[in-house]
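start_26.cif, holding mmCIF, C-alpha atoms:
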data_final
loop_
_atom_site.label_atom_id
_atom_site.label_comp_id
_atom_site.auth_asym_id
_atom_site.auth_seq_id
_atom_site.Cartn_x
_atom_site.Cartn_y
_atom_site.Cartn_z
CA MET A 18 118.92 167.51 69.22
CA LYS A 19 118.89 169.34 72.53
CA LYS A 20 122.08 169.20 74.54
CA ARG A 21 120.20 167.49 77.35
CA ASP A 22 119.27 164.60 75.05
CA LEU A 23 122.96 163.68 74.80
CA TYR A 24 122.96 162.93 78.53
CA MET A 25 119.58 161.35 79.20
CA ASP A 26 120.64 157.78 78.39
CA LYS A 27 123.75 158.14 80.55
CA TYR A 28 124.44 158.37 84.24
CA TYR A 29 120.99 156.90 85.09
CA LEU A 30 119.23 160.17 84.22
CA ASP A 31 116.36 158.41 82.50
CA GLU A 32 115.79 156.36 85.64
CA PHE A 33 116.17 159.46 87.79
CA LYS A 34 113.43 161.16 85.77
CA LYS A 35 111.04 158.24 86.37
CA TYR A 36 112.02 158.24 90.04
CA MET A 37 111.07 161.92 90.34
CA GLN A 38 107.82 161.34 88.48
CA ASN A 39 106.92 158.65 91.01
CA LEU A 40 107.49 161.24 93.73
CA ASP A 41 104.82 163.37 92.02
CA LYS A 42 107.26 166.13 91.07
CA THR A 43 106.11 168.49 88.34
CA GLU A 44 107.61 168.29 84.85
CA LEU A 45 109.09 171.76 85.34
CA THR A 46 110.83 170.70 88.57
CA ILE A 47 112.16 167.50 87.01
CA ASN A 48 113.55 169.31 83.97
CA THR A 49 115.17 171.93 86.20
CA TYR A 50 116.81 169.25 88.35
CA ILE A 51 118.13 167.38 85.31
CA ASN A 52 119.54 170.58 83.77
CA ASN A 53 121.29 171.36 87.05
CA ILE A 54 122.75 167.86 87.24
CA ILE A 55 124.04 168.19 83.67
CA SER A 56 125.67 171.51 84.55
CA PHE A 57 127.47 169.72 87.40
CA ILE A 58 128.57 166.92 85.06
CA GLU A 59 129.97 169.43 82.58
CA TRP A 60 131.75 171.33 85.35
CA PHE A 61 133.21 168.06 86.64
CA ASN A 62 134.53 167.12 83.19
CA ASP A 63 136.12 170.54 82.77
CA SER A 64 137.68 170.49 86.23
CA ASN A 65 139.06 166.94 86.40
CA SER A 66 141.25 164.68 84.32
CA ASP A 67 138.87 161.76 84.82
CA PRO A 68 135.51 161.85 83.03
CA PHE A 69 132.37 162.08 85.13
CA ASP A 70 131.15 158.88 86.75
CA PRO A 71 128.76 158.95 89.72
CA LYS A 72 130.86 156.27 91.41
CA ILE A 73 133.99 158.44 91.61
CA VAL A 74 132.36 161.70 92.71
CA THR A 75 133.11 162.74 96.28
CA THR A 76 131.67 165.19 98.77
CA ILE A 77 134.64 167.45 98.05
CA ASP A 78 133.59 167.67 94.39
CA ILE A 79 130.14 168.92 95.32
CA ARG A 80 131.63 171.43 97.76
CA ASP A 81 134.03 172.64 95.07
CA PHE A 82 131.12 173.00 92.66
CA LYS A 83 129.22 175.01 95.26
CA SER A 84 132.29 177.22 95.74
CA TYR A 85 132.62 177.64 91.97
CA LEU A 86 129.01 178.81 91.69
CA ILE A 87 129.45 181.32 94.52
CA ASN A 88 132.95 182.68 93.86
CA ILE A 89 133.44 182.29 90.10
CA LYS A 90 129.94 182.42 88.63
CA ASN A 91 128.72 184.86 91.30
CA ALA A 92 125.40 183.00 91.31
CA LYS A 93 122.58 184.12 93.55
CA ALA A 94 121.96 182.15 96.72
CA ASN A 95 118.64 180.80 95.46
CA THR A 96 120.31 179.57 92.27
CA VAL A 97 123.07 177.84 94.21
CA ASN A 98 120.58 176.23 96.57
CA LEU A 99 118.44 174.94 93.70
CA LYS A 100 121.48 173.32 92.07
CA ILE A 101 122.56 171.78 95.37
CA MET A 102 119.04 170.48 95.97
CA SER A 103 119.08 168.94 92.49
CA LEU A 104 122.33 167.11 93.26
CA LYS A 105 121.10 165.96 96.66
CA ASN A 106 118.03 164.40 95.03
CA TYR A 107 120.16 162.82 92.31
CA PHE A 108 122.75 161.25 94.62
CA SER A 109 120.08 160.16 97.07
CA PHE A 110 118.39 158.35 94.19
CA LEU A 111 121.69 156.73 93.11
CA TYR A 112 122.35 155.54 96.64
CA SER A 113 118.83 154.19 97.20
CA TYR A 114 119.13 152.14 93.98
CA ASN A 115 122.61 150.88 94.92
CA TYR A 116 124.35 152.61 92.03
CA ILE A 117 126.77 154.21 94.50
CA LYS A 118 127.98 152.95 97.88
CA GLU A 119 127.10 156.05 99.90
CA ASP A 120 125.14 159.25 99.53
CA ILE A 121 127.97 161.76 99.25
CA SER A 122 125.59 164.72 99.17
CA LYS A 123 123.75 164.20 102.46
CA ASN A 124 126.05 166.50 104.48
CA ILE A 125 126.15 169.30 101.92
CA LYS A 126 124.43 172.38 103.31
CA LYS A 127 122.52 174.98 101.38
CA VAL A 128 123.58 178.62 101.40
CA LYS A 129 121.97 180.49 104.28
CA ILE A 130 119.83 183.39 103.12
CA GLN A 131 119.63 186.16 105.67
CA ASN A 132 117.67 188.66 103.63
CA ILE A 133 113.92 188.58 103.26
CA PRO A 134 112.88 187.27 99.82
CA GLU A 135 112.50 190.05 97.28
CA PRO A 136 108.82 190.81 96.58
CA LYS A 137 107.68 189.84 93.08
CA TRP A 138 104.27 191.43 92.96
CA ILE A 139 103.08 194.35 90.85
CA ASN A 140 101.10 197.25 92.28
CA GLU A 141 97.38 197.87 91.93
CA LYS A 142 97.72 200.51 89.20
CA THR A 143 99.86 198.24 87.02
CA PHE A 144 97.49 195.32 87.38
CA ARG A 145 94.45 197.45 86.56
CA LYS A 146 96.27 198.82 83.52
CA LEU A 147 96.98 195.31 82.24
CA ARG A 148 93.48 194.06 83.05
CA ARG A 149 91.95 197.00 81.20
CA GLU A 150 94.08 196.30 78.13
CA ILE A 151 92.99 192.65 78.10
CA TYR A 152 89.32 193.60 78.44
CA ARG A 153 89.72 196.01 75.52
CA SER A 154 90.98 193.16 73.34
CA GLY A 155 87.57 191.50 73.48
CA TYR A 156 89.08 188.00 73.65
CA LYS A 157 86.78 186.19 76.06
CA HIS A 158 89.30 183.46 76.93
CA HIS A 159 91.99 186.05 77.74
CA ILE A 160 89.54 187.90 79.98
CA VAL A 161 88.83 184.64 81.84
CA MET A 162 92.58 184.11 82.16
CA ILE A 163 93.24 187.48 83.83
CA GLU A 164 90.29 186.99 86.19
CA LEU A 165 91.67 183.59 87.23
CA PHE A 166 95.07 185.16 87.91
CA ARG A 167 93.21 187.78 89.93
CA HIS A 168 92.10 184.89 92.14
CA ALA A 169 95.76 183.88 92.68
CA LEU A 170 95.65 180.67 90.65
CA ARG A 171 98.92 179.16 89.47
CA ILE A 172 99.64 178.83 85.74
CA SER A 173 99.31 175.04 85.97
CA GLU A 174 95.97 175.36 87.76
CA ILE A 175 94.62 177.65 85.03
CA ILE A 176 95.83 175.30 82.31
CA ASN A 177 94.30 172.23 83.97
CA LEU A 178 91.01 173.78 85.10
CA LYS A 179 88.19 171.55 83.80
CA ILE A 180 84.69 172.69 82.92
CA ASP A 181 83.30 170.04 85.26
CA ASN A 182 85.17 171.68 88.14
CA ILE A 183 83.44 175.03 87.72
CA ILE A 184 80.34 175.61 89.84
CA LEU A 185 78.30 178.66 88.84
CA ARG A 186 75.42 179.64 91.09
CA GLU A 187 73.47 182.79 91.86
CA LYS A 188 75.40 182.80 95.11
CA GLY A 189 78.45 180.77 96.06
CA SER A 190 80.11 180.25 92.66
CA CYS A 191 83.46 178.52 92.99
CA LEU A 192 86.23 176.52 91.33
CA LEU A 193 87.41 173.08 92.42
CA ILE A 194 91.18 173.26 92.07
CA TYR A 195 93.71 170.44 92.14
CA GLY A 196 97.02 172.18 92.84
CA LYS A 197 100.55 171.07 93.63
CA HIS A 198 100.92 167.44 94.68
CA SER A 199 97.24 166.91 93.76
CA LYS A 200 96.06 168.94 96.75
CA TYR A 201 92.39 169.79 96.41
CA ARG A 202 90.88 173.12 97.41
CA LYS A 203 87.71 175.10 96.73
CA VAL A 204 88.20 178.66 95.51
CA PRO A 205 85.19 181.01 95.63
CA ILE A 206 85.07 183.45 92.72
CA ASN A 207 83.72 186.99 92.56
CA SER A 208 81.07 188.33 90.19
CA ASP A 209 83.62 189.57 87.62
CA CYS A 210 85.17 186.14 87.26
CA LYS A 211 81.77 184.46 87.17
CA LYS A 212 80.58 186.74 84.35
CA ALA A 213 83.81 186.27 82.39
CA ILE A 214 83.45 182.49 82.57
CA GLN A 215 79.75 182.61 81.64
CA ASP A 216 80.48 184.80 78.61
CA TYR A 217 83.29 182.52 77.46
CA LEU A 218 81.31 179.32 77.98
CA LYS A 219 78.87 180.47 75.28
CA ILE A 220 81.80 180.23 72.86
CA ARG A 221 83.51 177.27 74.48
CA GLU A 222 80.48 174.97 74.26
CA LYS A 223 80.52 175.31 70.45
CA ILE A 224 84.15 174.12 70.18
CA LYS A 225 84.39 170.45 69.18
CA THR A 226 87.26 168.87 71.08
CA ASN A 227 88.12 165.83 73.17
CA TYR A 228 89.46 168.04 75.95
CA ASN A 229 87.39 169.12 78.93
CA ASN A 230 89.74 171.96 79.88
CA LEU A 231 88.03 175.32 80.20
CA LEU A 232 90.60 177.30 78.25
CA LEU A 233 91.75 176.06 74.85
CA SER A 234 94.24 177.45 72.37
CA GLU A 235 93.49 178.13 68.72
CA ARG A 236 94.44 174.50 68.05
CA LYS A 237 91.61 173.40 70.34
CA LYS A 238 94.10 171.98 72.84
CA PRO A 239 94.94 172.99 76.43
CA TYR A 240 97.37 175.86 76.75
CA THR A 241 101.02 175.23 77.57
CA ARG A 242 102.94 177.24 80.16
CA SER A 243 104.90 179.03 77.45
CA ALA A 244 101.68 180.00 75.67
CA ILE A 245 100.35 181.63 78.85
CA TRP A 246 103.63 183.53 79.21
CA LYS A 247 103.42 184.72 75.60
CA ILE A 248 99.85 186.00 76.04
CA ILE A 249 100.68 188.00 79.16
CA ASN A 250 103.90 189.23 77.57
CA LYS A 251 101.99 190.41 74.48
CA TYR A 252 99.70 192.63 76.51
CA SER A 253 102.41 193.92 78.83
CA LYS A 254 104.56 194.88 75.82
CA ARG A 255 101.72 196.98 74.48
CA LEU A 256 101.83 198.90 77.74
CA GLY A 257 105.62 199.25 77.66
CA ILE A 258 106.10 197.20 80.84
CA HIS A 259 107.20 193.68 81.71
CA ILE A 260 104.80 191.50 83.68
CA SER A 261 105.12 187.77 84.27
CA PRO A 262 102.27 185.37 85.13
CA HIS A 263 103.96 184.72 88.48
CA GLN A 264 103.70 188.42 89.33
CA LEU A 265 99.96 188.29 88.74
CA ARG A 266 99.55 185.52 91.32
CA HIS A 267 101.82 187.38 93.72
CA TYR A 268 99.80 190.55 93.18
CA ALA A 269 96.57 188.78 94.14
CA ILE A 270 98.08 187.29 97.29
CA LYS A 271 99.65 190.59 98.33
CA LYS A 272 96.35 192.42 97.79
CA MET A 273 94.49 190.01 100.07
CA VAL A 274 97.14 190.45 102.76
CA ASP A 275 97.00 194.25 102.44
CA GLU A 276 93.21 194.16 102.68
CA GLY A 277 93.53 192.42 106.04
CA VAL A 278 92.34 188.95 105.04
CA PRO A 279 93.53 186.53 107.78
CA LEU A 280 96.69 184.70 106.73
CA THR A 281 95.06 181.32 107.37
CA VAL A 282 92.31 182.20 104.89
CA VAL A 283 94.82 183.49 102.32
CA ALA A 284 96.93 180.33 102.62
CA ASP A 285 93.88 178.12 102.14
CA LEU A 286 92.64 180.09 99.13
CA VAL A 287 95.98 180.06 97.30
CA GLY A 288 96.95 176.48 98.10
CA HIS A 289 99.74 176.94 100.64
CA SER A 290 100.06 174.33 103.37
CA GLY A 291 100.69 176.96 106.05
CA THR A 292 100.98 180.68 106.75
CA GLN A 293 104.77 180.88 107.14
CA LEU A 294 105.54 181.81 103.52
CA ILE A 295 102.62 184.22 103.44
CA SER A 296 103.86 186.04 106.53
CA GLN A 297 107.52 186.01 105.48
CA VAL A 298 106.99 187.32 101.95
CA TYR A 299 103.61 188.93 101.36
CA ALA A 300 103.20 190.53 104.77
CA VAL A 301 106.58 192.25 104.29
CA PRO A 302 106.18 195.89 103.23
CA SER A 303 107.41 196.86 99.77
CA ASP A 304 109.34 200.06 99.05
CA GLU A 305 106.07 201.62 97.90
CA ASP A 306 104.43 200.69 101.22
CA LYS A 307 107.29 202.35 103.11
CA GLU A 308 107.13 205.49 100.96
CA LYS A 309 103.40 205.82 101.63
CA ALA A 310 104.03 205.41 105.36
CA VAL A 311 106.66 208.16 105.36
CA GLU A 312 104.33 210.53 103.52
CA LYS A 313 101.88 210.21 106.42
CA LEU A 314 104.45 211.47 108.95
#
Here is the file; what I need is its structure written in the form of structure tokens.
Amino acid sequence: MKKRDLYMDKYYLDEFKKYMQNLDKTELTINTYINNIISFIEWFNDSNSDPFDPKIVTTIDIRDFKSYLINIKNAKANTVNLKIMSLKNYFSFLYSYNYIKEDISKNIKKVKIQNIPEPKWINEKTFRKLRREIYRSGYKHHIVMIELFRHALRISEIINLKIDNIILREKGSCLLIYGKHSKYRKVPINSDCKKAIQDYLKIREKIKTNYNNLLLSERKKPYTRSAIWKIINKYSKRLGIHISPHQLRHYAIKKMVDEGVPLTVVADLVGHSGTQLISQVYAVPSDEDKEKAVEKL
């Protein structure tokens, strides 16, 4: 039994999970929030003589937990903020359902981050090296996967892409994507992606399954997130490098920005609601960009 299972029927966590599902939060987000809440519960039990009970927790306890993460655990600001956000959602839920008399977390502030977020993309040479290795494998579904990442799709969007949402034409081929919070967008695809999908569909149409997902595992079921990670990790290990699926999406976004694609177009293509994140992260020069600039002096 997972450690988390020992807590789920306590402290209203089962109800909290349903509450978050009703808010259309992803399973990954919900699990992360619950794990963070459990870490707070365990810290509380270790730090106090009274066992954890949402009704006895105070604002001071949350501030002390925040201080513990920063000063004792030396946690990164993003980690601290995610844990604080988890607690704020949890105590807000408890208050809205009258399990506690007041929301003790509402005045807790996140850690201010002064530095620009660290870039997570890989460079063009690294991507091409990985893409070449995948093409050499001959696995048609893996080739489709890398071409979809090349179009900056999220892992969840690749997993959930349905055959019915693929439009292949002589000109104007595209994908109909339902991204975060069920936001719909149309993503045009280039000739490489179109050919990869066409080649794979010749195999895919022969697979008998109840699923309409484009990509299926060997078990004839949709891929899981961990399976996607394992596939990318397998190829990157062959090359003696470490590449994550997230870096592939970041690479594609960064490349569009570097090629001068308007930020509004980039944001629309990748499923961002605005250009702020694009301009703050992907328009920021990397160390490699700076080194190239200096060489031109």
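Look at A:Phe108: the protein and nucleic acid residues within 10 Å of it, using all atoms listed in the file and passing over chain neighbours fewer than 5 places away, are Phe33, Ile54, Pro71, Val74, Ser103, Ser113, Tyr114, Tyr116, Ile117, Glu119, Asp120, Ile121, Ser122 and Lys123 of chain A.
Take atom CA of A:Gly277 and atom CA of A:Ala300: the distance between them is 9.9 Å.
Distances from A:Val97, A:Cys210, A:Ile55, A:Met162 to A:Leu185 were compared using only C-alpha atoms, and the smallest one belongs to A:Cys210.
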Residues near A:Ile248, cut-off 10 Å, only C-alpha atoms, skip fewer than 6 positions along chain, as a list of chain:residue names: A:Ile151, A:His159, A:Met162, A:Ser261, A:Pro262
Separation of atom CA of A:Val274 from atom CA of A:Lys42 in Å: 28.8 Å
Nearest to A:Leu165 by atom-to-atom distance, counting only C-alpha atoms, from A:Ile77, A:Ala269, A:Pro68, A:Ile125: A:Ala269
Residue contacts of A:Arg266 (6 Å, all atoms listed in the file) excluding same-chain residues fewer than 2 positions away, as a ChimeraX atom specification: /A:166,169,263-264,268-269
A:Ser56 environment, 12 Å, all atoms listed in the file, sequence neighbours closer than 4 positions dropped, as a PyMOL selection string: chain A and resi 20-21+24+49-52+60-63+69+79+82-83+85-86+97+100-101+103-104
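Of the listed residues A:Gln293, A:Ile58, A:Val161, A:Lys272, the one whose atoms come nearest to A:Lys27 is A:Ile58, with distances taken using all atoms listed in the file.
Between atom CA of A:Val278 and atom CA of A:Leu147 there is a distance of 24.1 Å.
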Selection dump of the PyMOL selection byres ((chain A and resi 284) around 12), as a ChimeraX atom specification: /A:169,202,204,269-271,273-274,278-283,285-296,299
Save the residues we just selected, C-alpha atoms, as a PDB file, in the coordinates of the input?
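Result went into selection_18.pdb, see below:
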ATOM      1  CA  ALA A 169      95.760 183.880  92.680  1.00  0.00           C
ATOM      2  CA  ARG A 202      90.880 173.120  97.410  1.00  0.00           C
ATOM      3  CA  VAL A 204      88.200 178.660  95.510  1.00  0.00           C
ATOM      4  CA  ALA A 269      96.570 188.780  94.140  1.00  0.00           C
ATOM      5  CA  ILE A 270      98.080 187.290  97.290  1.00  0.00           C
ATOM      6  CA  LYS A 271      99.650 190.590  98.330  1.00  0.00           C
ATOM      7  CA  MET A 273      94.490 190.010 100.070  1.00  0.00           C
ATOM      8  CA  VAL A 274      97.140 190.450 102.760  1.00  0.00           C
ATOM      9  CA  VAL A 278      92.340 188.950 105.040  1.00  0.00           C
ATOM     10  CA  PRO A 279      93.530 186.530 107.780  1.00  0.00           C
ATOM     11  CA  LEU A 280      96.690 184.700 106.730  1.00  0.00           C
ATOM     12  CA  THR A 281      95.060 181.320 107.370  1.00  0.00           C
ATOM     13  CA  VAL A 282      92.310 182.200 104.890  1.00  0.00           C
ATOM     14  CA  VAL A 283      94.820 183.490 102.320  1.00  0.00           C
ATOM     15  CA  ASP A 285      93.880 178.120 102.140  1.00  0.00           C
ATOM     16  CA  LEU A 286      92.640 180.090  99.130  1.00  0.00           C
ATOM     17  CA  VAL A 287      95.980 180.060  97.300  1.00  0.00           C
ATOM     18  CA  GLY A 288      96.950 176.480  98.100  1.00  0.00           C
ATOM     19  CA  HIS A 289      99.740 176.940 100.640  1.00  0.00           C
ATOM     20  CA  SER A 290     100.060 174.330 103.370  1.00  0.00           C
ATOM     21  CA  GLY A 291     100.690 176.960 106.050  1.00  0.00           C
ATOM     22  CA  THR A 292     100.980 180.680 106.750  1.00  0.00           C
ATOM     23  CA  GLN A 293     104.770 180.880 107.140  1.00  0.00           C
ATOM     24  CA  LEU A 294     105.540 181.810 103.520  1.00  0.00           C
ATOM     25  CA  ILE A 295     102.620 184.220 103.440  1.00  0.00           C
ATOM     26  CA  SER A 296     103.860 186.040 106.530  1.00  0.00           C
ATOM     27  CA  TYR A 299     103.610 188.930 101.360  1.00  0.00           C
TER      28      TYR A 299
END
Residues near A:Lys129, cut-off 10 Å, only C-alpha atoms, skip fewer than 3 positions along chain, as JSON, numbers by chain: {"A": [94, 95, 98, 126, 132]}
